[in-house]
$ cat work.csv   # CSV, N, CA and C atoms
chain,number,residue,atom,x,y,z
G,1,MET,N,72.1,158.4,134.9
G,1,MET,CA,72.3,157.0,134.8
G,1,MET,C,71.9,156.6,133.3
G,2,ASP,N,72.8,156.1,132.6
G,2,ASP,CA,72.5,155.7,131.2
G,2,ASP,C,72.0,154.3,131.2
G,3,ILE,N,70.8,154.1,130.7
G,3,ILE,CA,70.1,152.8,130.6
G,3,ILE,C,70.0,152.5,129.1
G,4,PRO,N,70.4,151.3,128.7
G,4,PRO,CA,70.2,151.0,127.3
G,4,PRO,C,68.7,150.9,126.9
G,5,ILE,N,68.5,151.3,125.6
G,5,ILE,CA,67.1,151.2,125.1
G,5,ILE,C,66.7,149.8,125.0
G,6,PHE,N,65.5,149.5,125.5
G,6,PHE,CA,65.0,148.1,125.5
G,6,PHE,C,63.5,148.2,125.5
G,7,THR,N,62.9,147.1,125.0
G,7,THR,CA,61.5,146.9,125.1
G,7,THR,C,61.2,145.8,126.1
G,8,GLY,N,60.5,146.1,127.2
G,8,GLY,CA,60.3,145.1,128.2
G,8,GLY,C,59.4,145.6,129.3
G,9,THR,N,59.4,144.8,130.4
G,9,THR,CA,58.5,145.1,131.5
G,9,THR,C,59.2,145.8,132.6
G,10,HIS,N,58.5,146.1,133.7
G,10,HIS,CA,59.1,146.7,134.9
G,10,HIS,C,60.2,145.9,135.5
G,11,ALA,N,60.0,144.5,135.4
G,11,ALA,CA,61.0,143.6,135.9
G,11,ALA,C,62.3,143.8,135.1
G,12,ASP,N,62.2,143.9,133.8
G,12,ASP,CA,63.4,144.2,133.0
G,12,ASP,C,64.1,145.5,133.5
G,13,LEU,N,63.3,146.5,133.7
G,13,LEU,CA,63.9,147.8,134.1
G,13,LEU,C,64.6,147.6,135.5
G,14,LEU,N,63.9,146.9,136.4
G,14,LEU,CA,64.5,146.6,137.7
G,14,LEU,C,65.9,145.9,137.6
G,15,ILE,N,65.9,144.9,136.8
G,15,ILE,CA,67.2,144.1,136.6
G,15,ILE,C,68.3,145.0,136.0
G,16,ILE,N,67.9,145.8,135.0
G,16,ILE,CA,68.9,146.6,134.3
G,16,ILE,C,69.4,147.7,135.2
G,17,VAL,N,68.5,148.3,136.0
G,17,VAL,CA,69.0,149.4,136.9
G,17,VAL,C,69.9,148.8,138.0
G,18,PHE,N,69.5,147.6,138.6
G,18,PHE,CA,70.3,147.0,139.6
G,18,PHE,C,71.6,146.6,139.0
G,19,HIS,N,71.7,146.1,137.8
G,19,HIS,CA,72.9,145.7,137.2
G,19,HIS,C,73.8,147.0,137.1
G,20,LYS,N,73.2,148.1,136.7
G,20,LYS,CA,74.0,149.3,136.5
G,20,LYS,C,74.5,149.8,137.9
G,21,ILE,N,73.7,149.7,138.9
G,21,ILE,CA,74.2,150.1,140.3
G,21,ILE,C,75.3,149.2,140.7
G,22,ILE,N,75.2,147.9,140.5
G,22,ILE,CA,76.2,146.9,141.0
G,22,ILE,C,77.5,147.1,140.2
G,23,THR,N,77.4,147.2,138.9
G,23,THR,CA,78.6,147.2,138.1
G,23,THR,C,79.3,148.6,138.0
G,24,THR,N,78.6,149.6,138.2
G,24,THR,CA,79.2,150.9,138.1
G,24,THR,C,79.1,151.8,139.3
G,25,GLY,N,78.6,151.2,140.4
G,25,GLY,CA,78.4,151.9,141.6
G,25,GLY,C,79.7,152.1,142.4
G,26,HIS,N,79.6,152.9,143.4
G,26,HIS,CA,80.7,153.2,144.2
G,26,HIS,C,81.0,152.0,145.2
G,27,GLN,N,82.2,151.9,145.7
G,27,GLN,CA,82.6,150.8,146.6
G,27,GLN,C,81.7,150.7,147.8
G,28,ARG,N,81.2,151.9,148.2
G,28,ARG,CA,80.4,152.0,149.4
G,28,ARG,C,79.0,151.3,149.3
G,29,LEU,N,78.6,151.0,148.0
G,29,LEU,CA,77.3,150.4,147.7
G,29,LEU,C,77.4,148.9,147.9
G,30,GLN,N,78.6,148.3,148.0
G,30,GLN,CA,78.8,146.9,148.0
G,30,GLN,C,77.9,146.2,149.1
G,31,PRO,N,77.8,146.7,150.3
G,31,PRO,CA,76.9,146.1,151.3
G,31,PRO,C,75.5,146.0,150.9
G,32,LEU,N,75.0,146.8,149.9
G,32,LEU,CA,73.7,146.7,149.4
G,32,LEU,C,73.4,145.6,148.3
G,33,PHE,N,74.5,145.0,147.8
G,33,PHE,CA,74.3,144.0,146.8
G,33,PHE,C,73.4,142.9,147.2
G,34,ASP,N,73.6,142.4,148.5
G,34,ASP,CA,72.7,141.4,149.0
G,34,ASP,C,71.2,141.8,148.9
G,35,CYS,N,71.0,143.0,149.3
G,35,CYS,CA,69.6,143.5,149.3
G,35,CYS,C,69.0,143.6,147.9
G,36,LEU,N,69.8,144.1,147.0
G,36,LEU,CA,69.4,144.3,145.6
G,36,LEU,C,69.0,142.9,145.0
G,37,LEU,N,69.9,142.0,145.2
G,37,LEU,CA,69.7,140.6,144.6
G,37,LEU,C,68.5,139.9,145.3
G,38,THR,N,68.3,140.2,146.6
G,38,THR,CA,67.2,139.6,147.3
G,38,THR,C,65.9,140.1,146.8
G,39,ILE,N,65.8,141.4,146.4
G,39,ILE,CA,64.6,141.9,145.7
G,39,ILE,C,64.3,141.1,144.5
G,40,ILE,N,65.3,140.9,143.6
G,40,ILE,CA,65.1,140.2,142.4
G,40,ILE,C,64.7,138.7,142.7
G,41,VAL,N,65.3,138.1,143.7
G,41,VAL,CA,65.0,136.7,144.1
G,41,VAL,C,63.5,136.7,144.5
G,42,ASN,N,63.0,137.7,145.2
G,42,ASN,CA,61.6,137.6,145.7
G,42,ASN,C,60.6,137.8,144.5
G,43,VAL,N,61.0,138.5,143.5
G,43,VAL,CA,60.0,138.7,142.4
G,43,VAL,C,60.2,137.7,141.3
G,44,SER,N,61.3,137.0,141.3
G,44,SER,CA,61.7,136.1,140.2
G,44,SER,C,60.7,135.0,139.9
G,45,PRO,N,60.0,134.4,140.8
G,45,PRO,CA,59.0,133.4,140.5
G,45,PRO,C,57.8,134.0,139.7
G,46,TYR,N,57.7,135.3,139.6
G,46,TYR,CA,56.5,135.9,139.0
G,46,TYR,C,56.9,136.6,137.6
G,47,LEU,N,58.1,136.4,137.2
G,47,LEU,CA,58.6,137.1,136.0
G,47,LEU,C,58.1,136.3,134.7
G,48,LYS,N,57.1,136.7,134.1
G,48,LYS,CA,56.5,135.9,133.0
G,48,LYS,C,57.5,136.0,131.8
G,49,THR,N,58.0,137.1,131.4
G,49,THR,CA,59.0,137.2,130.3
G,49,THR,C,60.1,138.2,130.7
G,50,LEU,N,61.3,137.8,130.3
G,50,LEU,CA,62.4,138.7,130.5
G,50,LEU,C,62.9,139.0,129.1
G,51,SER,N,63.3,140.3,128.9
G,51,SER,CA,63.9,140.7,127.6
G,51,SER,C,65.3,140.1,127.5
G,52,MET,N,65.9,140.1,126.3
G,52,MET,CA,67.2,139.6,126.1
G,52,MET,C,68.2,140.5,126.8
G,53,VAL,N,68.0,141.8,126.9
G,53,VAL,CA,68.9,142.7,127.6
G,53,VAL,C,69.0,142.3,129.1
G,54,ALA,N,67.8,142.1,129.7
G,54,ALA,CA,67.8,141.8,131.2
G,54,ALA,C,68.4,140.4,131.4
G,55,SER,N,68.1,139.4,130.5
G,55,SER,CA,68.7,138.1,130.7
G,55,SER,C,70.2,138.2,130.6
G,56,THR,N,70.7,138.9,129.6
G,56,THR,CA,72.2,139.1,129.5
G,56,THR,C,72.8,139.8,130.7
G,57,LYS,N,72.1,140.7,131.3
G,57,LYS,CA,72.6,141.4,132.5
G,57,LYS,C,72.7,140.5,133.7
G,58,LEU,N,71.7,139.6,133.8
G,58,LEU,CA,71.7,138.6,134.9
G,58,LEU,C,72.9,137.7,134.8
G,59,LEU,N,73.1,137.2,133.5
G,59,LEU,CA,74.3,136.3,133.3
G,59,LEU,C,75.6,137.0,133.5
G,60,HIS,N,75.6,138.3,133.1
G,60,HIS,CA,76.8,139.1,133.3
G,60,HIS,C,77.2,139.2,134.8
G,61,LEU,N,76.2,139.4,135.7
G,61,LEU,CA,76.4,139.4,137.1
G,61,LEU,C,76.9,138.1,137.6
G,62,LEU,N,76.3,137.0,137.1
G,62,LEU,CA,76.8,135.7,137.6
G,62,LEU,C,78.3,135.5,137.1
G,63,GLU,N,78.6,135.9,135.9
G,63,GLU,CA,79.9,135.8,135.4
G,63,GLU,C,80.9,136.5,136.3
G,64,ALA,N,80.5,137.7,136.6
G,64,ALA,CA,81.4,138.6,137.5
G,64,ALA,C,81.6,138.1,138.9
G,65,PHE,N,80.5,137.6,139.5
G,65,PHE,CA,80.5,137.2,140.9
G,65,PHE,C,81.0,135.8,141.0
G,66,SER,N,81.1,135.0,140.0
G,66,SER,CA,81.6,133.6,140.2
G,66,SER,C,83.1,133.4,139.8
G,67,THR,N,83.8,134.5,139.6
G,67,THR,CA,85.2,134.4,139.4
G,67,THR,C,85.9,134.0,140.7
G,68,PRO,N,86.9,133.2,140.6
G,68,PRO,CA,87.6,132.9,141.9
G,68,PRO,C,88.1,134.1,142.7
G,69,TRP,N,88.6,135.1,141.9
G,69,TRP,CA,89.1,136.3,142.6
G,69,TRP,C,88.1,136.9,143.5
G,70,PHE,N,86.8,137.1,142.9
G,70,PHE,CA,85.8,137.7,143.7
G,70,PHE,C,85.2,136.8,144.8
G,71,LEU,N,85.1,135.6,144.5
G,71,LEU,CA,84.5,134.6,145.5
G,71,LEU,C,85.4,134.5,146.7
G,72,TYR,N,86.7,134.5,146.5
G,72,TYR,CA,87.6,134.3,147.6
G,72,TYR,C,88.1,135.6,148.3
G,73,SER,N,87.7,136.7,147.7
G,73,SER,CA,88.1,138.0,148.3
G,73,SER,C,87.3,138.4,149.6
G,74,ASN,N,86.2,137.8,149.8
G,74,ASN,CA,85.4,138.1,151.0
G,74,ASN,C,84.6,136.8,151.4
G,75,PRO,N,84.6,136.5,152.6
G,75,PRO,CA,83.9,135.3,153.1
G,75,PRO,C,82.4,135.2,152.8
G,76,THR,N,81.8,136.3,152.5
G,76,THR,CA,80.3,136.3,152.3
G,76,THR,C,80.0,136.5,150.8
G,77,ASN,N,80.9,136.6,149.9
G,77,ASN,CA,80.6,136.8,148.5
G,77,ASN,C,79.9,135.7,147.8
G,78,HIS,N,80.0,134.5,148.4
G,78,HIS,CA,79.3,133.3,147.8
G,78,HIS,C,77.8,133.5,147.9
G,79,HIS,N,77.3,134.3,148.8
G,79,HIS,CA,75.9,134.6,148.9
G,79,HIS,C,75.3,135.2,147.6
G,80,LEU,N,76.1,136.1,147.0
G,80,LEU,CA,75.7,136.7,145.8
G,80,LEU,C,75.5,135.7,144.7
G,81,VAL,N,76.4,134.7,144.6
G,81,VAL,CA,76.2,133.7,143.6
G,81,VAL,C,75.0,132.8,143.9
G,82,PHE,N,74.8,132.5,145.2
G,82,PHE,CA,73.6,131.8,145.6
G,82,PHE,C,72.4,132.5,145.2
G,83,PHE,N,72.3,133.8,145.4
G,83,PHE,CA,71.1,134.5,145.0
G,83,PHE,C,70.8,134.5,143.5
G,84,LEU,N,71.9,134.6,142.8
G,84,LEU,CA,71.7,134.6,141.3
G,84,LEU,C,71.3,133.2,140.8
G,85,LEU,N,71.9,132.2,141.4
G,85,LEU,CA,71.4,130.8,141.0
G,85,LEU,C,70.0,130.6,141.4
G,86,GLU,N,69.6,131.1,142.5
G,86,GLU,CA,68.2,131.0,142.9
G,86,GLU,C,67.2,131.8,142.0
G,87,ILE,N,67.7,132.9,141.5
G,87,ILE,CA,66.9,133.7,140.5
G,87,ILE,C,66.7,132.8,139.3
G,88,PHE,N,67.8,132.2,138.7
G,88,PHE,CA,67.7,131.4,137.5
G,88,PHE,C,66.7,130.2,137.8
G,89,ASN,N,66.9,129.6,138.9
G,89,ASN,CA,66.1,128.4,139.3
G,89,ASN,C,64.6,128.8,139.3
G,90,ASN,N,64.3,129.9,140.0
G,90,ASN,CA,62.9,130.3,140.1
G,90,ASN,C,62.3,130.6,138.8
G,91,ILE,N,63.0,131.3,137.9
G,91,ILE,CA,62.4,131.7,136.6
G,91,ILE,C,62.2,130.5,135.8
G,92,ILE,N,63.2,129.6,135.7
G,92,ILE,CA,63.1,128.4,134.9
G,92,ILE,C,62.1,127.4,135.4
G,93,GLN,N,62.0,127.3,136.8
G,93,GLN,CA,61.0,126.4,137.3
G,93,GLN,C,59.6,126.8,137.2
G,94,TYR,N,59.3,128.1,137.5
G,94,TYR,CA,58.0,128.6,137.6
G,94,TYR,C,57.5,129.3,136.3
G,95,GLN,N,58.3,129.9,135.5
G,95,GLN,CA,57.9,130.6,134.4
G,95,GLN,C,58.7,130.2,133.1
G,96,PHE,N,58.9,128.9,132.9
G,96,PHE,CA,59.7,128.5,131.8
G,96,PHE,C,59.2,128.9,130.4
G,97,ASP,N,57.9,128.8,130.3
G,97,ASP,CA,57.3,129.0,128.9
G,97,ASP,C,57.5,130.3,128.4
G,98,GLY,N,57.5,131.4,129.2
G,98,GLY,CA,57.7,132.7,128.6
G,98,GLY,C,59.1,133.3,128.7
G,99,ASN,N,60.0,132.5,129.1
G,99,ASN,CA,61.4,133.0,129.3
G,99,ASN,C,62.4,132.3,128.4
G,100,SER,N,62.1,132.2,127.2
G,100,SER,CA,63.0,131.6,126.2
G,100,SER,C,64.3,132.4,126.1
G,101,ASN,N,64.2,133.8,126.3
G,101,ASN,CA,65.5,134.6,126.2
G,101,ASN,C,66.4,134.2,127.3
G,102,LEU,N,65.9,134.0,128.5
G,102,LEU,CA,66.8,133.6,129.6
G,102,LEU,C,67.4,132.2,129.4
G,103,VAL,N,66.6,131.3,128.9
G,103,VAL,CA,67.0,129.9,128.7
G,103,VAL,C,68.1,129.9,127.6
G,104,TYR,N,67.9,130.7,126.6
G,104,TYR,CA,68.9,130.8,125.5
G,104,TYR,C,70.2,131.4,126.0
G,105,THR,N,70.1,132.4,126.9
G,105,THR,CA,71.3,133.0,127.4
G,105,THR,C,72.0,132.1,128.3
G,106,VAL,N,71.3,131.3,129.1
G,106,VAL,CA,72.0,130.3,130.0
G,106,VAL,C,72.7,129.3,129.2
G,107,ILE,N,72.1,128.8,128.1
G,107,ILE,CA,72.7,127.8,127.3
G,107,ILE,C,73.9,128.4,126.6
G,108,ARG,N,73.8,129.6,126.1
G,108,ARG,CA,74.9,130.3,125.4
G,108,ARG,C,76.1,130.5,126.4
G,109,LYS,N,75.8,130.8,127.6
G,109,LYS,CA,76.9,131.1,128.6
G,109,LYS,C,77.1,129.9,129.5
G,110,ARG,N,76.9,128.7,129.1
G,110,ARG,CA,77.0,127.5,129.9
G,110,ARG,C,78.4,127.3,130.5
G,111,HIS,N,79.4,127.9,129.8
G,111,HIS,CA,80.8,127.8,130.3
G,111,HIS,C,80.9,128.4,131.7
G,112,VAL,N,80.1,129.5,132.0
G,112,VAL,CA,80.1,130.1,133.3
G,112,VAL,C,79.7,129.1,134.4
G,113,PHE,N,78.6,128.3,134.1
G,113,PHE,CA,78.2,127.3,135.0
G,113,PHE,C,79.2,126.2,135.2
G,114,HIS,N,79.8,125.8,134.1
G,114,HIS,CA,80.8,124.7,134.2
G,114,HIS,C,82.0,125.2,135.0
G,115,ALA,N,82.4,126.5,134.8
G,115,ALA,CA,83.6,127.0,135.6
G,115,ALA,C,83.2,127.1,137.0
G,116,LEU,N,82.0,127.5,137.3
G,116,LEU,CA,81.5,127.5,138.7
G,116,LEU,C,81.5,126.2,139.4
G,117,ALA,N,81.1,125.2,138.6
G,117,ALA,CA,81.0,123.8,139.2
G,117,ALA,C,82.4,123.2,139.4
G,118,ASN,N,83.4,123.7,138.6
G,118,ASN,CA,84.7,123.1,138.7
G,118,ASN,C,85.7,124.0,139.5
G,119,LEU,N,85.2,124.9,140.3
G,119,LEU,CA,86.0,125.7,141.2
G,119,LEU,C,86.8,124.9,142.1
G,120,PRO,N,88.1,125.2,142.4
G,120,PRO,CA,88.9,124.4,143.4
G,120,PRO,C,88.4,124.6,144.8

$ encode --input "work.csv" --output "structure tokens"
Amino acid sequence: MDIPIFTGTHADLLIIVFHKIITTGHQRLQPLFDCLLTIIVNVSPYLKTLSMVASTKLLHLLEAFSTPWFLYSNPTNHHLVFFLLEIFNNIIQYQFDGNSNLVYTVIRKRHVFHALANLP
């Protein structure tokens, strides 16, 4: 498994590895996506700082999971978007001071949130 070089915490590694599993994993791993994102949701209130790489990976997952094609392809896919939004909410609400990388990435990718809000 190729993991990009980064400087960060164990949480950064967790997010990067889960991103790699979700984006390049086999189709048979799709039932585990809920579990993987639930793990990140559970640790997200305690993430003091996220690296830019991990922040970008989280936004990439939201971008991929919030496309109309993906959302409408399975009746339970909206749960994945819900988990990601809960991750962002927890980090920004409880650990705002140390997560400027995530806030910057959210602002930079705000079009993803606008597109999600304007889904038909």

$ closest_atom_pairs --input "work.csv" --of "range 19-54 of chain G" --to "range 2-14 of chain G" --cutoff "6.5 Å" --atoms "all atoms listed in the file" --output "Markdown table"
| residue | atom | partner | partner_atom | distance |
| --- | --- | --- | --- | --- |
| G:His19 | N | G:Leu14 | C | 5.8 |
| G:Leu50 | CA | G:Asp12 | CA | 6.1 |
| G:Ser51 | N | G:Asp12 | CA | 5.7 |
| G:Ala54 | CA | G:Asp12 | CA | 5.3 |

$ closest_atom_pairs --input "work.csv" --of "range 54-89 of chain G" --to "range 27-49 of chain G" --cutoff "7 Å" --atoms "only C-alpha atoms" --output "JSON lines"
{"residue": "G:Leu80", "atom": "CA", "partner": "G:Asp34", "partner_atom": "CA", "distance": 6.4}
{"residue": "G:Phe83", "atom": "CA", "partner": "G:Leu37", "partner_atom": "CA", "distance": 6.3}
{"residue": "G:Glu86", "atom": "CA", "partner": "G:Val41", "partner_atom": "CA", "distance": 6.6}
{"residue": "G:Ile87", "atom": "CA", "partner": "G:Val41", "partner_atom": "CA", "distance": 5.1}

$ residues_around --input "work.csv" --residues "Asn101 in chain G" --least-positions-apart "2" --cutoff "6.5 Å" --atoms "only N, CA and C atoms" --output "PyMOL selection string"
chain G and resi 50-52+55+98-99+103-106

$ write_last_selection --input "work.csv" --atoms "N, CA and C atoms" --output "compact mmCIF listing (two decimals), in the frame of the given file"
# COMPACT_ATOMS: atom_id res chain seq x y z
N LEU G 50 61.30 137.80 130.30
CA LEU G 50 62.40 138.70 130.50
C LEU G 50 62.90 139.00 129.10
N SER G 51 63.30 140.30 128.90
CA SER G 51 63.90 140.70 127.60
C SER G 51 65.30 140.10 127.50
N MET G 52 65.90 140.10 126.30
CA MET G 52 67.20 139.60 126.10
C MET G 52 68.20 140.50 126.80
N SER G 55 68.10 139.40 130.50
CA SER G 55 68.70 138.10 130.70
C SER G 55 70.20 138.20 130.60
N GLY G 98 57.50 131.40 129.20
CA GLY G 98 57.70 132.70 128.60
C GLY G 98 59.10 133.30 128.70
N ASN G 99 60.00 132.50 129.10
CA ASN G 99 61.40 133.00 129.30
C ASN G 99 62.40 132.30 128.40
N VAL G 103 66.60 131.30 128.90
CA VAL G 103 67.00 129.90 128.70
C VAL G 103 68.10 129.90 127.60
N TYR G 104 67.90 130.70 126.60
CA TYR G 104 68.90 130.80 125.50
C TYR G 104 70.20 131.40 126.00
N THR G 105 70.10 132.40 126.90
CA THR G 105 71.30 133.00 127.40
C THR G 105 72.00 132.10 128.30
N VAL G 106 71.30 131.30 129.10
CA VAL G 106 72.00 130.30 130.00
C VAL G 106 72.70 129.30 129.20

$ atom_distance --input "work.csv" --atom1 "CA of Phe96 in chain G" --atom2 "atom N of Lys109 in chain G"
16.8 Å

$ atom_distance --input "work.csv" --atom1 "CA of Pro68 in chain G" --atom2 "CA of Asn90 in chain G"
24.9 Å

$ atom_distance --input "work.csv" --atom1 "CA of Phe65 in chain G" --atom2 "CA of Val112 in chain G"
10.4 Å

$ select_by_dssp --input "work.csv" --residues "chain G" --states "alpha helix (DSSP H)" --output "PyMOL selection string"
chain G and resi 10-24+33-43+52-65+68-73+78-94+100-108+110-117

$ residues_around --input "work.csv" --residues "Ser66 in chain G" --least-positions-apart "5" --cutoff "6.5 Å" --atoms "all atoms listed in the file" --output "list in words"
Leu61, Leu71, Val81 and Leu116 of chain G

$ closest_residue --input "work.csv" --among "G:Ile16, G:Ile21, G:Leu119, G:Ile91" --to "Lys57 in chain G" --atoms "all atoms listed in the file"
G:Ile16

$ closest_residue --input "work.csv" --among "G:Asp97, G:Leu62, G:Thr23, G:Phe18" --to "Leu85 in chain G" --atoms "all atoms listed in the file"
G:Leu62
